[in-house]
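Colleague: Got a structure for you, run-v2.cif, holding mmCIF, C-alpha atoms.
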data_coords
#
loop_
_atom_site.label_atom_id
_atom_site.label_comp_id
_atom_site.auth_asym_id
_atom_site.auth_seq_id
_atom_site.Cartn_x
_atom_site.Cartn_y
_atom_site.Cartn_z
CA MET B 1 137.35 -191.48 -9.14
CA PHE B 2 139.57 -193.18 -11.71
CA ALA B 3 138.63 -195.47 -14.59
CA GLU B 4 140.63 -197.11 -17.44
CA ASP B 5 139.56 -197.86 -20.97
CA ASN B 6 141.81 -199.87 -23.34
CA ASP B 7 140.69 -198.03 -26.42
CA THR B 8 140.07 -194.58 -25.02
CA GLN B 9 142.31 -192.17 -23.19
CA SER B 10 141.30 -191.59 -19.61
CA ARG B 11 140.83 -187.90 -20.15
CA SER B 12 138.11 -188.64 -22.66
CA LEU B 13 136.02 -190.45 -20.08
CA THR B 14 132.98 -188.74 -18.60
CA TYR B 15 131.94 -189.33 -14.96
CA GLY B 16 128.48 -188.84 -13.54
CA VAL B 17 126.23 -189.59 -10.61
CA GLU B 18 123.38 -191.87 -11.52
CA SER B 19 120.22 -191.20 -9.50
CA THR B 20 118.50 -194.44 -10.31
CA GLY B 21 118.81 -196.81 -7.41
CA SER B 22 120.80 -194.32 -5.34
CA SER B 23 119.96 -193.79 -1.68
CA CYS B 24 121.97 -190.55 -1.59
CA ASN B 25 120.70 -187.12 -2.49
CA LYS B 26 122.17 -186.80 -6.00
CA SER B 27 122.15 -183.00 -5.93
CA ALA B 28 124.53 -182.93 -2.98
CA PHE B 29 127.31 -184.78 -4.87
CA ILE B 30 128.73 -183.40 -8.10
CA PHE B 31 131.87 -183.79 -10.19
CA LYS B 32 134.04 -180.71 -10.41
CA PRO B 33 134.06 -179.13 -13.87
CA SER B 34 137.81 -178.60 -13.69
CA ASP B 35 138.54 -182.09 -12.39
CA THR B 36 135.96 -184.24 -13.98
CA ASN B 37 136.84 -187.31 -11.99
CA ILE B 38 136.70 -185.63 -8.53
CA ILE B 39 133.44 -185.61 -6.57
CA SER B 40 132.67 -182.55 -4.47
CA VAL B 41 129.99 -182.27 -1.84
CA LYS B 42 127.64 -179.37 -1.36
CA GLY B 43 125.25 -179.26 1.56
CA ALA B 44 125.43 -182.88 2.63
CA ASP B 45 123.51 -183.08 5.88
CA ALA B 46 123.92 -186.11 8.13
CA GLU B 47 120.47 -185.52 9.62
CA GLU B 48 118.99 -186.06 6.13
CA TYR B 49 120.06 -189.68 6.43
CA ASN B 50 118.83 -190.19 9.95
CA ARG B 51 117.11 -193.48 9.06
CA THR B 52 120.35 -194.94 7.65
CA HIS B 53 122.52 -193.43 10.42
CA GLY B 54 124.28 -190.98 8.14
CA GLN B 55 125.14 -193.45 5.39
CA CYS B 56 124.06 -193.69 1.75
CA THR B 57 125.21 -195.17 -1.58
CA LEU B 58 126.01 -193.49 -4.88
CA ASN B 59 125.90 -195.08 -8.33
CA ILE B 60 128.90 -193.63 -10.18
CA THR B 61 128.92 -193.97 -13.97
CA VAL B 62 131.77 -193.55 -16.42
CA THR B 63 131.17 -193.17 -20.17
CA ASP B 64 133.65 -193.13 -23.06
CA HIS B 65 133.30 -191.16 -26.28
CA PHE B 66 131.70 -194.16 -27.95
CA ALA B 67 128.87 -193.89 -25.35
CA LEU B 68 129.88 -197.09 -23.73
CA SER B 69 129.54 -196.92 -19.95
CA SER B 70 130.14 -198.73 -16.74
CA TRP B 71 129.12 -198.08 -13.14
CA THR B 72 130.10 -198.80 -9.58
CA ILE B 73 128.61 -198.31 -6.15
CA VAL B 74 130.27 -195.97 -3.66
CA ASN B 75 129.27 -196.06 0.01
CA ILE B 76 129.15 -192.60 1.56
CA THR B 77 129.31 -191.85 5.31
CA ILE B 78 128.39 -188.33 6.38
CA THR B 79 130.04 -187.43 9.69
CA ASP B 80 127.64 -185.67 12.06
CA GLU B 81 128.54 -182.29 13.51
CA ASN B 82 126.93 -180.77 16.62
CA GLU B 83 124.97 -177.95 15.03
CA TYR B 84 121.51 -177.94 16.59
CA TYR B 85 120.71 -176.47 20.00
CA PRO B 86 118.68 -178.63 22.39
CA THR B 87 114.95 -178.05 22.74
CA VAL B 88 113.78 -177.96 26.37
CA LEU B 89 110.53 -179.79 27.18
CA PRO B 90 107.79 -179.48 28.30
CA ALA B 91 106.90 -176.48 26.20
CA ASN B 92 104.31 -175.22 28.70
CA HIS B 93 106.20 -172.89 31.03
CA VAL B 94 103.60 -172.73 33.83
CA VAL B 95 103.52 -175.33 36.61
CA THR B 96 100.92 -175.36 39.41
CA ILE B 97 101.39 -177.09 42.77
CA ASP B 98 99.59 -177.08 46.14
CA ASP B 99 101.25 -175.48 49.13
CA ASN B 100 100.92 -178.79 51.01
CA THR B 101 103.10 -180.61 48.46
CA ASN B 102 105.58 -182.81 50.31
CA VAL B 103 109.26 -181.93 50.32
CA GLU B 104 111.25 -184.08 47.81
CA SER B 105 108.19 -184.44 45.58
CA VAL B 106 108.77 -184.20 41.82
CA ILE B 107 107.04 -181.06 40.58
CA LEU B 108 108.40 -180.97 37.03
CA ASN B 109 109.85 -183.53 34.60
CA VAL B 110 112.20 -181.72 32.21
CA SER B 111 113.46 -183.47 29.10
CA ALA B 112 115.23 -182.37 25.92
CA THR B 113 115.72 -183.25 22.30
CA ASP B 114 117.66 -181.86 19.34
CA SER B 115 117.83 -182.45 15.62
CA ASP B 116 121.40 -183.71 15.44
CA LEU B 117 121.94 -187.19 14.03
CA THR B 118 124.07 -188.20 16.99
CA LYS B 119 122.11 -187.83 20.21
CA GLY B 120 124.04 -188.28 23.40
CA GLN B 121 123.26 -187.70 27.06
CA PHE B 122 121.79 -184.36 28.08
CA LEU B 123 122.79 -182.68 31.32
CA PHE B 124 120.33 -180.54 33.28
CA PHE B 125 121.12 -177.59 35.52
CA LEU B 126 118.85 -175.31 37.52
CA HIS B 127 119.02 -171.61 38.34
CA ASP B 128 116.79 -171.04 41.38
CA SER B 129 117.40 -167.86 43.36
CA SER B 130 114.80 -168.87 45.97
CA GLY B 131 116.56 -172.12 46.90
CA MET B 132 113.20 -173.93 47.05
CA PHE B 133 113.89 -176.45 44.26
CA TYR B 134 116.65 -178.67 42.85
CA ILE B 135 117.10 -180.77 39.69
CA ASP B 136 118.63 -184.17 39.00
CA GLU B 137 121.39 -183.49 36.46
CA LEU B 138 120.87 -186.78 34.61
CA THR B 139 117.10 -187.28 34.68
CA GLY B 140 115.88 -183.68 34.58
CA LEU B 141 113.44 -184.26 37.46
CA VAL B 142 112.81 -181.07 39.45
CA HIS B 143 112.17 -181.72 43.15
CA LEU B 144 110.74 -179.58 45.91
CA LYS B 145 113.62 -178.80 48.29
CA GLN B 146 111.77 -176.87 51.02
CA SER B 147 108.18 -176.63 52.14
CA VAL B 148 106.12 -174.01 50.32
CA GLN B 149 103.27 -174.15 52.82
CA ASN B 150 101.97 -170.61 53.38
CA ALA B 151 105.04 -169.29 51.56
CA GLU B 152 105.27 -167.25 48.34
CA PRO B 153 102.51 -167.67 45.73
CA LYS B 154 104.90 -167.80 42.76
CA TYR B 155 108.49 -168.78 41.95
CA ASN B 156 110.59 -168.52 38.79
CA ILE B 157 113.18 -171.18 37.92
CA THR B 158 115.37 -171.52 34.84
CA VAL B 159 116.41 -174.92 33.52
CA VAL B 160 119.61 -175.15 31.42
CA VAL B 161 120.08 -178.16 29.13
CA VAL B 162 123.55 -179.00 27.72
CA ASP B 163 124.03 -181.59 24.98
CA SER B 164 127.02 -183.94 24.67
CA GLY B 165 128.31 -182.63 21.36
CA SER B 166 131.74 -181.16 20.72
CA PRO B 167 131.68 -178.36 21.40
CA PRO B 168 128.54 -178.75 23.60
CA LEU B 169 125.54 -176.54 22.90
CA GLU B 170 123.03 -175.42 25.51
CA SER B 171 119.52 -173.99 25.75
CA ASN B 172 117.47 -172.73 28.67
CA LYS B 173 113.84 -172.26 29.57
CA THR B 174 112.22 -170.35 32.44
CA TYR B 175 109.30 -171.97 34.26
CA ILE B 176 106.77 -170.23 36.52
CA ILE B 177 105.81 -172.27 39.60
CA ASN B 178 102.40 -171.17 40.89
CA VAL B 179 101.61 -172.27 44.45
CA ILE B 180 97.94 -172.69 45.35
CA ASP B 181 97.10 -172.00 48.99
CA VAL B 182 95.31 -175.03 50.44
CA ASN B 183 92.94 -173.98 53.21
CA GLU B 184 94.02 -174.90 56.74
CA LYS B 185 91.87 -174.64 59.84
CA PRO B 186 92.17 -171.63 62.14
CA GLN B 187 93.06 -171.97 65.81
CA LEU B 188 91.51 -170.21 68.77
CA ASP B 189 93.85 -168.83 71.41
CA SER B 190 93.39 -170.26 74.89
CA ILE B 191 91.16 -168.29 77.27
CA SER B 192 91.68 -168.14 81.01
CA SER B 193 88.51 -169.87 82.19
CA PRO B 194 86.26 -169.58 84.12
CA ILE B 195 85.11 -166.01 83.57
CA TYR B 196 83.47 -164.49 86.66
CA VAL B 197 80.53 -162.15 86.21
CA GLN B 198 78.88 -160.36 89.14
CA GLN B 199 75.24 -161.19 89.54
CA PHE B 200 72.83 -158.50 88.35
CA SER B 201 75.47 -157.01 86.04
CA SER B 202 73.87 -154.92 83.32
CA ALA B 203 73.62 -155.66 79.62
CA GLY B 204 76.56 -154.42 77.54
CA LEU B 205 79.21 -155.43 80.09
CA PHE B 206 82.41 -156.53 78.29
CA LEU B 207 83.48 -160.00 79.44
CA PHE B 208 86.50 -161.07 77.35
CA ALA B 209 87.88 -161.14 73.81
CA ALA B 210 88.23 -164.30 71.72
CA LYS B 211 91.35 -164.35 69.54
CA ALA B 212 92.35 -166.71 66.74
CA THR B 213 95.07 -167.19 64.16
CA ASP B 214 95.01 -168.71 60.69
CA PRO B 215 98.19 -169.96 58.97
CA ASP B 216 96.85 -169.46 55.44
CA ARG B 217 98.33 -166.98 52.98
CA ASP B 218 95.20 -166.54 50.88
CA VAL B 219 93.19 -163.49 51.97
CA GLN B 220 89.87 -165.27 51.58
CA ASN B 221 91.00 -168.25 53.64
CA LYS B 222 92.30 -165.95 56.39
CA ASN B 223 88.93 -164.20 56.74
CA LEU B 224 87.79 -165.21 60.26
CA THR B 225 84.28 -165.03 61.72
CA PHE B 226 83.40 -165.63 65.38
CA SER B 227 80.19 -167.07 66.83
CA ILE B 228 79.08 -168.31 70.26
CA SER B 229 76.46 -170.72 71.53
CA GLN B 230 73.55 -169.43 73.62
CA ASN B 231 72.30 -170.23 77.10
CA ARG B 232 68.79 -169.28 78.22
CA ASN B 233 69.98 -168.36 81.72
CA ILE B 234 72.65 -165.80 80.82
CA ASN B 235 72.53 -164.17 77.39
CA ILE B 236 75.89 -163.16 75.93
CA SER B 237 76.95 -162.23 72.41
CA ILE B 238 80.16 -162.10 70.41
CA ASP B 239 81.21 -159.60 67.76
CA ALA B 240 81.66 -161.65 64.59
CA ILE B 241 84.70 -159.64 63.51
CA SER B 242 86.51 -158.55 66.67
CA GLY B 243 85.62 -161.53 68.87
CA ASN B 244 84.62 -159.28 71.79
CA VAL B 245 82.16 -161.03 74.13
CA SER B 246 79.59 -159.00 76.11
CA LEU B 247 76.39 -159.45 78.12
CA THR B 248 73.20 -158.91 76.13
CA GLY B 249 70.97 -158.98 79.17
CA GLU B 250 71.15 -158.59 82.95
CA ALA B 251 72.94 -161.44 84.71
CA LYS B 252 70.07 -162.35 87.03
CA THR B 253 70.65 -166.09 87.34
CA SER B 254 73.62 -167.41 89.32
CA GLY B 255 75.47 -170.60 88.41
CA ASP B 256 78.08 -172.13 86.12
CA PHE B 257 77.38 -171.80 82.39
CA THR B 258 79.38 -173.27 79.50
CA TYR B 259 79.53 -171.58 76.10
CA GLN B 260 81.11 -172.83 72.90
CA ILE B 261 83.05 -170.29 70.87
CA THR B 262 83.54 -171.09 67.18
CA VAL B 263 85.87 -169.39 64.71
CA THR B 264 85.32 -170.12 61.01
CA ASP B 265 87.65 -169.15 58.17
CA GLY B 266 86.69 -168.10 54.65
CA GLY B 267 87.09 -171.66 53.39
CA GLY B 268 84.60 -173.10 55.89
CA LEU B 269 87.05 -174.70 58.32
CA ASN B 270 86.60 -173.97 62.01
CA ASP B 271 87.93 -174.42 65.53
CA VAL B 272 85.92 -174.53 68.77
CA LEU B 273 86.69 -173.72 72.38
CA ASN B 274 84.53 -174.13 75.50
CA VAL B 275 84.45 -171.29 78.03
CA THR B 276 82.81 -171.42 81.45
CA VAL B 277 81.11 -168.33 82.83
CA ILE B 278 80.40 -168.30 86.56
CA VAL B 279 77.85 -165.97 88.09
CA PRO B 280 78.22 -166.23 91.90
CA ASN B 281 75.12 -166.15 94.05
CA ILE B 282 74.62 -162.85 95.86
CA LYS B 283 72.65 -162.80 99.12
CA LYS B 284 70.97 -159.62 100.30
CA GLU B 285 70.18 -159.21 103.98
CA LYS B 286 69.20 -156.31 106.19
CA VAL B 287 71.35 -155.61 109.21
CA ASN B 288 70.05 -153.34 111.94
CA VAL B 289 72.82 -151.23 113.40
CA THR B 290 72.30 -148.92 116.36
CA VAL B 291 74.60 -145.96 115.90
CA LEU B 292 75.19 -143.54 118.72
CA GLU B 293 75.88 -139.89 118.24
CA ASN B 294 79.60 -139.01 118.09
CA SER B 295 80.50 -142.68 117.41
CA VAL B 296 82.71 -142.02 114.37
CA GLY B 297 85.27 -144.82 114.04
CA THR B 298 83.20 -147.31 115.99
CA ILE B 299 83.52 -150.84 114.55
CA PHE B 300 80.44 -153.02 114.38
CA LYS B 301 80.99 -156.75 113.88
CA PHE B 302 78.47 -159.28 112.61
CA ASN B 303 79.11 -162.99 112.22
CA VAL B 304 78.40 -164.23 108.66
CA THR B 305 79.35 -167.73 107.54
CA GLU B 306 80.21 -169.11 104.03
CA VAL B 307 80.90 -165.66 102.65
CA GLU B 308 84.19 -164.59 101.14
CA GLN B 309 83.45 -161.06 100.05
CA TYR B 310 81.13 -158.39 101.39
CA THR B 311 79.81 -155.32 99.64
CA LEU B 312 77.46 -152.58 100.73
CA GLU B 313 74.53 -151.99 98.48
CA PRO B 314 74.57 -148.36 97.35
CA SER B 315 72.24 -146.33 99.56
CA PHE B 316 72.20 -143.27 101.76
CA ASP B 317 73.31 -145.42 104.64
CA SER B 318 76.25 -147.09 102.94
CA SER B 319 77.72 -143.73 102.07
CA ARG B 320 78.29 -143.21 105.79
CA CYS B 321 80.11 -146.51 106.34
CA SER B 322 83.02 -148.57 105.08
CA ILE B 323 83.38 -152.34 105.05
CA ASP B 324 86.39 -154.52 105.79
CA ASN B 325 86.76 -157.53 103.51
CA GLN B 326 90.05 -158.69 104.94
CA VAL B 327 88.47 -160.39 107.97
CA ARG B 328 86.71 -163.68 107.27
CA ASN B 329 83.50 -164.92 108.88
CA TYR B 330 82.27 -161.64 110.26
CA LEU B 331 81.10 -158.36 108.90
CA CYS B 332 82.89 -155.25 110.08
CA PHE B 333 81.42 -151.76 109.70
CA GLU B 334 83.11 -148.55 110.58
CA LEU B 335 81.16 -145.34 110.83
CA LEU B 336 82.70 -142.73 108.57
CA ILE B 337 80.83 -139.61 109.56
CA GLN B 338 79.24 -138.35 112.75
CA LEU B 339 75.53 -138.77 112.97
CA LYS B 340 73.66 -135.79 114.39
CA THR B 341 70.62 -137.63 115.66
CA TRP B 342 69.98 -140.49 118.00
CA HIS B 343 68.21 -143.30 116.17
CA CYS B 344 68.68 -146.85 114.86
CA LYS B 345 70.01 -146.92 111.28
CA THR B 346 69.21 -149.84 108.97
CA LEU B 347 72.04 -150.74 106.56
CA PHE B 348 71.47 -153.00 103.58
CA VAL B 349 74.39 -155.40 103.21
CA THR B 350 75.22 -157.49 100.11
CA PHE B 351 76.84 -160.89 100.76
CA SER B 352 78.66 -162.44 97.81
CA ASN B 353 79.94 -166.01 98.04
CA ILE B 354 82.45 -165.82 95.14
#
Would you give me this structure, written as structure tokens?
Modeller:
Amino acid sequence: MFAEDNDTQSRSLTYGVESTGSSCNKSAFIFKPSDTNIISVKGADAEEYNRTHGQCTLNITVTDHFALSSWTIVNITITDENEYYPTVLPANHVVTIDDNTNVESVILNVSATDSDLTKGQFLFFLHDSSGMFYIDELTGLVHLKQSVQNAEPKYNITVVVVDSGSPPLESNKTYIINVIDVNEKPQLDSISSPIYVQQFSSAGLFLFAAKATDPDRDVQNKNLTFSISQNRNINISIDAISGNVSLTGEAKTSGDFTYQITVTDGGGLNDVLNVTVIVPNIKKEKVNVTVLENSVGTIFKFNVTEVEQYTLEPSFDSSRCSIDNQVRNYLCFELLIQLKTWHCKTLFVTFSNI
């Protein structure tokens, strides 16, 4: 600063900063003791004058030794320096999404701010070792890149924010992405149907095993339970855990019977499958066979229609004979052992029209 006084030497003039009416922080601007007309600055912070965009005014006074004074206004501009690191938002570092979230969906909106007077454009970058997410560098929107359905339950991503200062400053924040497993329905494997069961089969006979899969990751959702409908003619049961299906009573009634198998997961969703069980009708008839002594190997033929398979009912007689099922429409016996007596043997023959 420099002032002139016609009746006082310039070195006798005293300079000062007048606080009254000043929009500047007076304490930040002082005159040097050694150079009383030079203003020095200590701690002037542009951010302090954020409202006035880094500008303020000083009232500078000059006083002579007769205590006469004058003043002038000095406009001060404080140049902003990039000194504050960005703050990454949101502050909450935990994000929760469903595992059925669509690919390309926005799962996180990252923004930033800093305390510098001059705020430029922030740039956003993403460190994601899983490759499941990506970020828009200009908007900070984090998108789902790949499906997380039935994938990992948790991912960690780190967002880096860089400001536009010179030199640029950066900050980072790590977010935890928790993925909630949404329950999906199980699916029963196909069963080769119908299932044939021989008439008069005993209780406890294993019939088939029902199998199912569940795509869920959650242990509770993957917990499968099997059940089966009932039929008053043929009683069968299913093991709720293994899916094994067995007879619970003798298969006395012949016919076609449909059962509905249901598998239910831990979340209450289910799948159903119909299975047909066929119990063929078995006809029992007595056949009188006259067997001569020393007739081992003799073949006895009997015409039987509408029968595809023949079996001998277990008895003393059937242990002496074999039956040929390869020839259709007649029954063929062959004596296996030599009989020692002359008499007519009665063989009980089972006809099964499977």
Colleague: If I put a ball of radius 8 Å at (98.4, -169.2, 53.9) in the file's coordinates, which residues poke into it when counting all atoms listed in the file, written as a PyMOL selection string?
Modeller: chain B and resi 149-151+181-184+214-219+221-222
Colleague: Please list, as number ranges by chain, the residues that have an atom at most 9 Å away from (107.8, -180.7, 55.1) in the coordinates of this file, counting only C-alpha atoms.
Modeller: B: 100-104, 146-149
Colleague: Which is closer to Ile78 of chain B than all the others in B:Glu152, B:Glu47, B:Asp116, B:Glu18, using all atoms listed in the file?
Modeller: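 Among the listed residues, the smallest separation from Ile78 of chain B belongs to B:Glu47.
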Colleague: Any chance you could resolve the PyMOL selection byres ((chain B and resi 54-70) around 7) against this file and give the residues as a PyMOL selection string?
Modeller: chain B and resi 8+12-19+22-24+46-47+49-50+52-53+71-79
Colleague: Measuring atom to atom with all atoms listed in the file, identify which of B:Ile157, B:Val263, B:Leu138, B:Leu108 is nearest to Phe226 of chain B.
Modeller: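 Result for the nearest residue to Phe226 of chain B: B:Val263.
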Colleague: So the first atom is atom CA of Thr262 of chain B and the second is atom CA of Val179 of chain B; what is the distance between them in Å, to one decimal place?
Modeller: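 These two atoms are separated by 29.1 Å.
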Colleague: Kindly give the distance, in Å, that separates atom CA of Asp114 of chain B and atom CA of Ser129 of chain B, rounded to a single decimal.
Modeller: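 Between atom CA of Asp114 of chain B and atom CA of Ser129 of chain B the gap works out to 27.8 Å.
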Colleague: Atom CA of Tyr155 of chain B and atom CA of Leu126 of chain B are how many Å apart?
Modeller: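 If I compute the distance from atom CA of Tyr155 of chain B to atom CA of Leu126 of chain B, I get 13.0 Å.
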Colleague: Would you list the contacts of Lys32 of chain B as an MDAnalysis selection string, taking every protein, DNA or RNA residue within 12 Å and counting all atoms listed in the file, but skipping same-chain residues closer than 2 positions in sequence?
Modeller: chainID B and resid 1 14:17 29:30 34:42
Colleague: Tell me which protein, DNA and RNA residues are within 12 Å of Ile176 of chain B, counting all atoms listed in the file, leaving out same-chain ones fewer than 2 positions away, and put them as a PyMOL selection string.
Modeller: chain B and resi 92-97+107-108+128+153-159+173-174+178-179
Colleague: Starting from the shown file, work through the PyMOL selection byres ((chain B and resi 164) around 9) and note down what comes out as a PyMOL selection string.
Modeller: chain B and resi 82+119-123+162-163+165-169
Colleague: With only C-alpha atoms as the atoms that count, which of B:Thr118, B:Ser105, B:Gln187, B:Asn172 lies nearest to Val88 of chain B?
Modeller: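 Checking each candidate against Val88 of chain B, we get B:Asn172 as the closest.
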Colleague: On this structure, which residues satisfy the PyMOL selection byres ((chain B and resi 190-206) around 10), written as number ranges by chain?
Modeller: B: 187-189, 207-212, 235-238, 244-258, 273-282, 352, 354
Colleague: Tell me which of B:Ile135, B:Val161, B:Leu224, B:Ala112 sits closest to Lys185 of chain B, counting only C-alpha atoms.
Modeller: B:Leu224
Colleague: Between B:Gln220, B:Ser115, B:Thr225, B:Thr264, which has the minimum distance to Pro86 of chain B (counting all atoms listed in the file)?
Modeller: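 Ranked by minimum distance to Pro86 of chain B, first place goes to B:Ser115.
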Colleague: Take segment 119-176 of chain B from the preceding structure and save C-alpha atoms as an mmCIF file, in the first residue's frame.
Modeller:
data_model
loop_
_atom_site.group_PDB
_atom_site.id
_atom_site.type_symbol
_atom_site.label_atom_id
_atom_site.label_comp_id
_atom_site.auth_asym_id
_atom_site.auth_seq_id
_atom_site.Cartn_x
_atom_site.Cartn_y
_atom_site.Cartn_z
ATOM 1 C CA LYS B 119 -15.880 -28.379 -7.048
ATOM 2 C CA GLY B 120 -15.408 -30.017 -10.392
ATOM 3 C CA GLN B 121 -16.465 -33.339 -11.885
ATOM 4 C CA PHE B 122 -15.752 -36.496 -9.915
ATOM 5 C CA LEU B 123 -14.695 -39.689 -11.642
ATOM 6 C CA PHE B 124 -15.679 -43.097 -10.274
ATOM 7 C CA PHE B 125 -13.773 -46.360 -10.608
ATOM 8 C CA LEU B 126 -14.543 -49.832 -9.305
ATOM 9 C CA HIS B 127 -12.330 -52.624 -8.005
ATOM 10 C CA ASP B 128 -14.350 -55.847 -8.249
ATOM 11 C CA SER B 129 -12.380 -59.091 -8.205
ATOM 12 C CA SER B 130 -15.553 -61.141 -8.774
ATOM 13 C CA GLY B 131 -16.425 -59.443 -12.063
ATOM 14 C CA MET B 132 -20.114 -59.345 -11.078
ATOM 15 C CA PHE B 133 -20.508 -55.539 -11.073
ATOM 16 C CA TYR B 134 -19.464 -52.424 -12.996
ATOM 17 C CA ILE B 135 -19.703 -48.660 -12.405
ATOM 18 C CA ASP B 136 -20.479 -45.693 -14.636
ATOM 19 C CA GLU B 137 -17.402 -43.464 -14.378
ATOM 20 C CA LEU B 138 -19.392 -40.223 -14.621
ATOM 21 C CA THR B 139 -22.578 -40.963 -12.665
ATOM 22 C CA GLY B 140 -21.271 -43.370 -10.020
ATOM 23 C CA LEU B 141 -24.120 -45.834 -10.638
ATOM 24 C CA VAL B 142 -23.079 -49.417 -9.840
ATOM 25 C CA HIS B 143 -24.796 -51.995 -12.065
ATOM 26 C CA LEU B 144 -25.183 -55.745 -11.810
ATOM 27 C CA LYS B 145 -23.060 -57.253 -14.592
ATOM 28 C CA GLN B 146 -23.890 -60.953 -14.173
ATOM 29 C CA SER B 147 -26.709 -62.888 -12.593
ATOM 30 C CA VAL B 148 -26.251 -63.628 -8.892
ATOM 31 C CA GLN B 149 -29.054 -66.176 -8.796
ATOM 32 C CA ASN B 150 -28.002 -69.065 -6.543
ATOM 33 C CA ALA B 151 -24.459 -67.674 -6.584
ATOM 34 C CA GLU B 152 -22.316 -66.405 -3.695
ATOM 35 C CA PRO B 153 -24.074 -64.904 -0.651
ATOM 36 C CA LYS B 154 -21.677 -61.953 -0.320
ATOM 37 C CA TYR B 155 -19.377 -59.808 -2.476
ATOM 38 C CA ASN B 156 -16.922 -57.027 -1.655
ATOM 39 C CA ILE B 157 -16.392 -54.098 -4.038
ATOM 40 C CA THR B 158 -14.252 -50.993 -3.632
ATOM 41 C CA VAL B 159 -15.261 -47.683 -5.189
ATOM 42 C CA VAL B 160 -12.507 -45.115 -5.930
ATOM 43 C CA VAL B 161 -13.480 -41.457 -6.354
ATOM 44 C CA VAL B 162 -11.055 -38.972 -7.987
ATOM 45 C CA ASP B 163 -11.663 -35.223 -7.928
ATOM 46 C CA SER B 164 -10.774 -32.802 -10.730
ATOM 47 C CA GLY B 165 -8.250 -30.738 -8.795
ATOM 48 C CA SER B 166 -4.611 -30.244 -9.697
ATOM 49 C CA PRO B 167 -3.091 -32.450 -8.637
ATOM 50 C CA PRO B 168 -6.192 -34.702 -8.312
ATOM 51 C CA LEU B 169 -6.957 -36.286 -4.956
ATOM 52 C CA GLU B 170 -8.756 -39.591 -4.481
ATOM 53 C CA SER B 171 -10.594 -41.546 -1.791
ATOM 54 C CA ASN B 172 -12.027 -45.048 -1.712
ATOM 55 C CA LYS B 173 -14.689 -46.963 0.148
ATOM 56 C CA THR B 174 -15.389 -50.703 0.331
ATOM 57 C CA TYR B 175 -18.996 -51.872 0.130
ATOM 58 C CA ILE B 176 -20.356 -55.282 1.146
#
